[in-house]
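One structure is given here, and the rest of the page talks about it.
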Amino acid sequence: MKTLLDENQLNDGVEKLADAINAHYGDKPLTIICILTGSIVLGADLIRKLRMPTRVGVLQTSSYEGTERGDLTINAEMMLDIKDREVLLIDDIFDTGHTLDKVTALVADYGPTSLQSAVLLCKTGRQEVEYRPEFIAFDIPDEFVVGYGLDYNDEYRNLPYLACLEDSDLEPNA
Ligand SMILES: O=P(O)(O)OC[C@H]1O[C@H](OP(=O)(O)OP(=O)(O)O)[C@H](O)[C@@H]1O
Ligand SMILES: Nc1nc2[nH]cnc2c(=O)[nH]1
């Protein structure tokens with residue numbers, strides 16, 4: 001496994017992301033919706049750097065098994081009421097873009113005043129949708145990454161840094 005972003009780099013990136021979000025929304029109350037599970041670490045770090053009155057909710061999506069994308073499932077049962085609210089979706093990574101594209105379309109139906117998204121990572125050259133997040137901390141190369149919330153077969157989310165998986169890290173038949 002090869003480190004791509006260390007703890008200091010991640011912290012600086014989250015700080016800059018928070019600065020951009022604070023500058024954009026000012027004092028307006030904001031509802032953050034964290035897309036589980038990958039965004040738990042980013043969400044915990046980011047919300048403590050936001051200065052406006054903030055509500056925090058979650059929804060859950062799942063599509064990757066190992067390093068392969070499968071059918072996307074979305075569970076919005078735990079989401080807050082967002083009607084007439086300024087809403088910001090938070091996710092760890094924008095890869096093909098299908099997750100945020102579909103989540104945005106679904107969440108828009110709940111009637112927010114505005115709806116934007118912020119991601120820690122945007123993988124270069126992988127997008128298959130028109131949609132783009134408004135706030136991005138890092139553009140990264142086309143490598144499967146783990147750590148800082150991101151998993152490979154449910155492991156590595158707890159790493160405090162971001163790493164690229166190498167062939168020797170992959171499980172047979174995964
Ligand atoms: O842009 P995309 O190609 O759609 O990929 C991005 C999504 O993939 C990961 O979620 P995953 O489905 O692995 O669920 P997880 O958050 O529980 O790890 C990640 O957390 C993003 O939500
Ligand atoms: N862990 C992890 N999940 C992803 N989901 C989409 N791309 C990635 C990636 O590079 N790493």
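Here's how to read the names in the structure tokens: chain A, B, ... by the order shown, residue numbers from 1 in each chain, ligand numbers from 1 in the order shown.
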How close does chain A get to ligand 2? List, as JSON lines, each residue of chain A within 10 Å, its nearest atom pair and the distance in Å to one decimal, counting only C-alpha atoms and all ligand atoms.
```
{"residue": "A:Gly38", "atom": "CA", "partner": "ligand 2", "partner_atom_place_in_ligand_line": "3 (N)", "distance": 7.6}
{"residue": "A:Ser62", "atom": "CA", "partner": "ligand 2", "partner_atom_place_in_ligand_line": "5 (N)", "distance": 9.1}
{"residue": "A:Ser63", "atom": "CA", "partner": "ligand 2", "partner_atom_place_in_ligand_line": "5 (N)", "distance": 7.9}
{"residue": "A:Tyr64", "atom": "CA", "partner": "ligand 2", "partner_atom_place_in_ligand_line": "5 (N)", "distance": 6.2}
{"residue": "A:Glu65", "atom": "CA", "partner": "ligand 2", "partner_atom_place_in_ligand_line": "3 (N)", "distance": 8.9}
{"residue": "A:Gly66", "atom": "CA", "partner": "ligand 2", "partner_atom_place_in_ligand_line": "1 (N)", "distance": 8.2}
{"residue": "A:Thr67", "atom": "CA", "partner": "ligand 2", "partner_atom_place_in_ligand_line": "11 (N)", "distance": 7.0}
{"residue": "A:Glu68", "atom": "CA", "partner": "ligand 2", "partner_atom_place_in_ligand_line": "6 (C)", "distance": 8.3}
{"residue": "A:Arg69", "atom": "CA", "partner": "ligand 2", "partner_atom_place_in_ligand_line": "6 (C)", "distance": 7.4}
{"residue": "A:Asp92", "atom": "CA", "partner": "ligand 2", "partner_atom_place_in_ligand_line": "3 (N)", "distance": 8.4}
{"residue": "A:Ile93", "atom": "CA", "partner": "ligand 2", "partner_atom_place_in_ligand_line": "6 (C)", "distance": 6.2}
{"residue": "A:Phe94", "atom": "CA", "partner": "ligand 2", "partner_atom_place_in_ligand_line": "6 (C)", "distance": 6.8}
{"residue": "A:Asp95", "atom": "CA", "partner": "ligand 2", "partner_atom_place_in_ligand_line": "7 (N)", "distance": 5.0}
{"residue": "A:Thr96", "atom": "CA", "partner": "ligand 2", "partner_atom_place_in_ligand_line": "6 (C)", "distance": 7.2}
{"residue": "A:Gly97", "atom": "CA", "partner": "ligand 2", "partner_atom_place_in_ligand_line": "6 (C)", "distance": 8.6}
{"residue": "A:His98", "atom": "CA", "partner": "ligand 2", "partner_atom_place_in_ligand_line": "6 (C)", "distance": 9.6}
{"residue": "A:Thr99", "atom": "CA", "partner": "ligand 2", "partner_atom_place_in_ligand_line": "6 (C)", "distance": 8.9}
{"residue": "A:Leu121", "atom": "CA", "partner": "ligand 2", "partner_atom_place_in_ligand_line": "10 (O)", "distance": 9.0}
{"residue": "A:Cys122", "atom": "CA", "partner": "ligand 2", "partner_atom_place_in_ligand_line": "7 (N)", "distance": 9.1}
{"residue": "A:Lys123", "atom": "CA", "partner": "ligand 2", "partner_atom_place_in_ligand_line": "10 (O)", "distance": 7.6}
{"residue": "A:Arg126", "atom": "CA", "partner": "ligand 2", "partner_atom_place_in_ligand_line": "7 (N)", "distance": 9.3}
{"residue": "A:Ile140", "atom": "CA", "partner": "ligand 2", "partner_atom_place_in_ligand_line": "10 (O)", "distance": 9.4}
{"residue": "A:Pro141", "atom": "CA", "partner": "ligand 2", "partner_atom_place_in_ligand_line": "10 (O)", "distance": 9.4}
{"residue": "A:Asp142", "atom": "CA", "partner": "ligand 2", "partner_atom_place_in_ligand_line": "10 (O)", "distance": 7.6}
{"residue": "A:Glu143", "atom": "CA", "partner": "ligand 2", "partner_atom_place_in_ligand_line": "10 (O)", "distance": 6.0}
{"residue": "A:Phe144", "atom": "CA", "partner": "ligand 2", "partner_atom_place_in_ligand_line": "10 (O)", "distance": 3.5}
{"residue": "A:Val145", "atom": "CA", "partner": "ligand 2", "partner_atom_place_in_ligand_line": "10 (O)", "distance": 4.2}
{"residue": "A:Val146", "atom": "CA", "partner": "ligand 2", "partner_atom_place_in_ligand_line": "1 (N)", "distance": 4.7}
{"residue": "A:Gly147", "atom": "CA", "partner": "ligand 2", "partner_atom_place_in_ligand_line": "1 (N)", "distance": 7.4}
{"residue": "A:Tyr148", "atom": "CA", "partner": "ligand 2", "partner_atom_place_in_ligand_line": "1 (N)", "distance": 9.4}
{"residue": "A:Gly149", "atom": "CA", "partner": "ligand 2", "partner_atom_place_in_ligand_line": "1 (N)", "distance": 7.9}
{"residue": "A:Leu150", "atom": "CA", "partner": "ligand 2", "partner_atom_place_in_ligand_line": "1 (N)", "distance": 4.1}
{"residue": "A:Asp151", "atom": "CA", "partner": "ligand 2", "partner_atom_place_in_ligand_line": "1 (N)", "distance": 4.1}
{"residue": "A:Tyr152", "atom": "CA", "partner": "ligand 2", "partner_atom_place_in_ligand_line": "1 (N)", "distance": 5.3}
{"residue": "A:Asn153", "atom": "CA", "partner": "ligand 2", "partner_atom_place_in_ligand_line": "1 (N)", "distance": 8.3}
{"residue": "A:Asp154", "atom": "CA", "partner": "ligand 2", "partner_atom_place_in_ligand_line": "1 (N)", "distance": 8.6}
{"residue": "A:Glu155", "atom": "CA", "partner": "ligand 2", "partner_atom_place_in_ligand_line": "1 (N)", "distance": 9.0}
{"residue": "A:Tyr156", "atom": "CA", "partner": "ligand 2", "partner_atom_place_in_ligand_line": "1 (N)", "distance": 8.5}
{"residue": "A:Arg157", "atom": "CA", "partner": "ligand 2", "partner_atom_place_in_ligand_line": "1 (N)", "distance": 8.1}
{"residue": "A:Leu162", "atom": "CA", "partner": "ligand 2", "partner_atom_place_in_ligand_line": "11 (N)", "distance": 9.7}
{"residue": "A:Ala163", "atom": "CA", "partner": "ligand 2", "partner_atom_place_in_ligand_line": "11 (N)", "distance": 9.3}
{"residue": "A:Cys164", "atom": "CA", "partner": "ligand 2", "partner_atom_place_in_ligand_line": "10 (O)", "distance": 8.0}
{"residue": "A:Leu165", "atom": "CA", "partner": "ligand 2", "partner_atom_place_in_ligand_line": "11 (N)", "distance": 8.8}
```
Could you save those same residues with C-alpha atoms as a compact mmCIF listing (two decimals), in the first residue's frame?
```
# COMPACT_ATOMS: atom_id res chain seq x y z
CA GLY A 38 -17.43 6.46 3.41
CA SER A 62 -23.73 1.20 -1.43
CA SER A 63 -22.44 0.05 -4.81
CA TYR A 64 -18.83 -1.15 -4.62
CA GLU A 65 -17.74 -4.73 -3.87
CA GLY A 66 -13.97 -4.93 -3.69
CA THR A 67 -12.81 -2.48 -6.33
CA GLU A 68 -15.77 -3.12 -8.68
CA ARG A 69 -18.93 -1.01 -8.95
CA ASP A 92 -15.65 10.97 0.44
CA ILE A 93 -15.03 10.37 -3.26
CA PHE A 94 -16.44 11.30 -6.66
CA ASP A 95 -15.40 8.48 -8.96
CA THR A 96 -17.76 7.52 -11.82
CA GLY A 97 -20.17 10.05 -10.30
CA HIS A 98 -23.19 7.75 -10.32
CA THR A 99 -23.65 7.86 -6.54
CA LEU A 121 -11.58 13.40 -3.56
CA CYS A 122 -12.33 13.57 -7.27
CA LYS A 123 -10.76 10.79 -9.33
CA ARG A 126 -13.36 8.45 -14.41
CA ILE A 140 -6.41 12.33 -7.39
CA PRO A 141 -5.09 9.87 -10.00
CA ASP A 142 -7.16 6.91 -11.20
CA GLU A 143 -6.17 4.50 -8.41
CA PHE A 144 -8.33 2.60 -5.91
CA VAL A 145 -7.80 4.41 -2.61
CA VAL A 146 -8.46 3.45 1.00
CA GLY A 147 -8.28 5.07 4.43
CA TYR A 148 -9.83 8.20 5.96
CA GLY A 149 -13.26 6.51 5.69
CA LEU A 150 -12.74 4.65 2.40
CA ASP A 151 -12.80 0.87 2.46
CA TYR A 152 -11.74 -2.18 0.52
CA ASN A 153 -14.15 -5.01 1.39
CA ASP A 154 -15.11 -3.14 4.61
CA GLU A 155 -11.53 -2.79 5.87
CA TYR A 156 -9.08 0.15 6.13
CA ARG A 157 -11.69 2.87 6.85
CA LEU A 162 -5.15 7.93 2.29
CA ALA A 163 -3.39 5.10 0.46
CA CYS A 164 -3.49 3.47 -2.98
CA LEU A 165 -4.01 -0.27 -3.04
```
**Request:** Check chain A with DSSP on the backbone and list each residue it calls alpha helix (DSSP H), as number ranges by chain.
**Result:** A: 7-25, 40-47, 98-108
**Asn8 of chain A environment, 12 Å, only C-alpha atoms, sequence neighbours closer than 4 positions dropped, as a PyMOL selection string** = chain A and resi 4+12-15+160-162
**Prompt:** Excluding same-chain residues fewer than 2 positions from Leu30 of chain A, what lies within 9 Å of it counting only C-alpha atoms, as a PyMOL selection string?
**Reply:** chain A and resi 25+27-28+32+52-56+85-88
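Closest approach to ligand 1 among A:Pro133, A:Gly26, A:Pro112, A:Pro172 is made by A:Pro133 (distances from only C-alpha atoms and all ligand atoms).
Rounded to one decimal, atom CA of Lys16 of chain A and atom CA of Cys34 of chain A lie 18.3 Å from each other.
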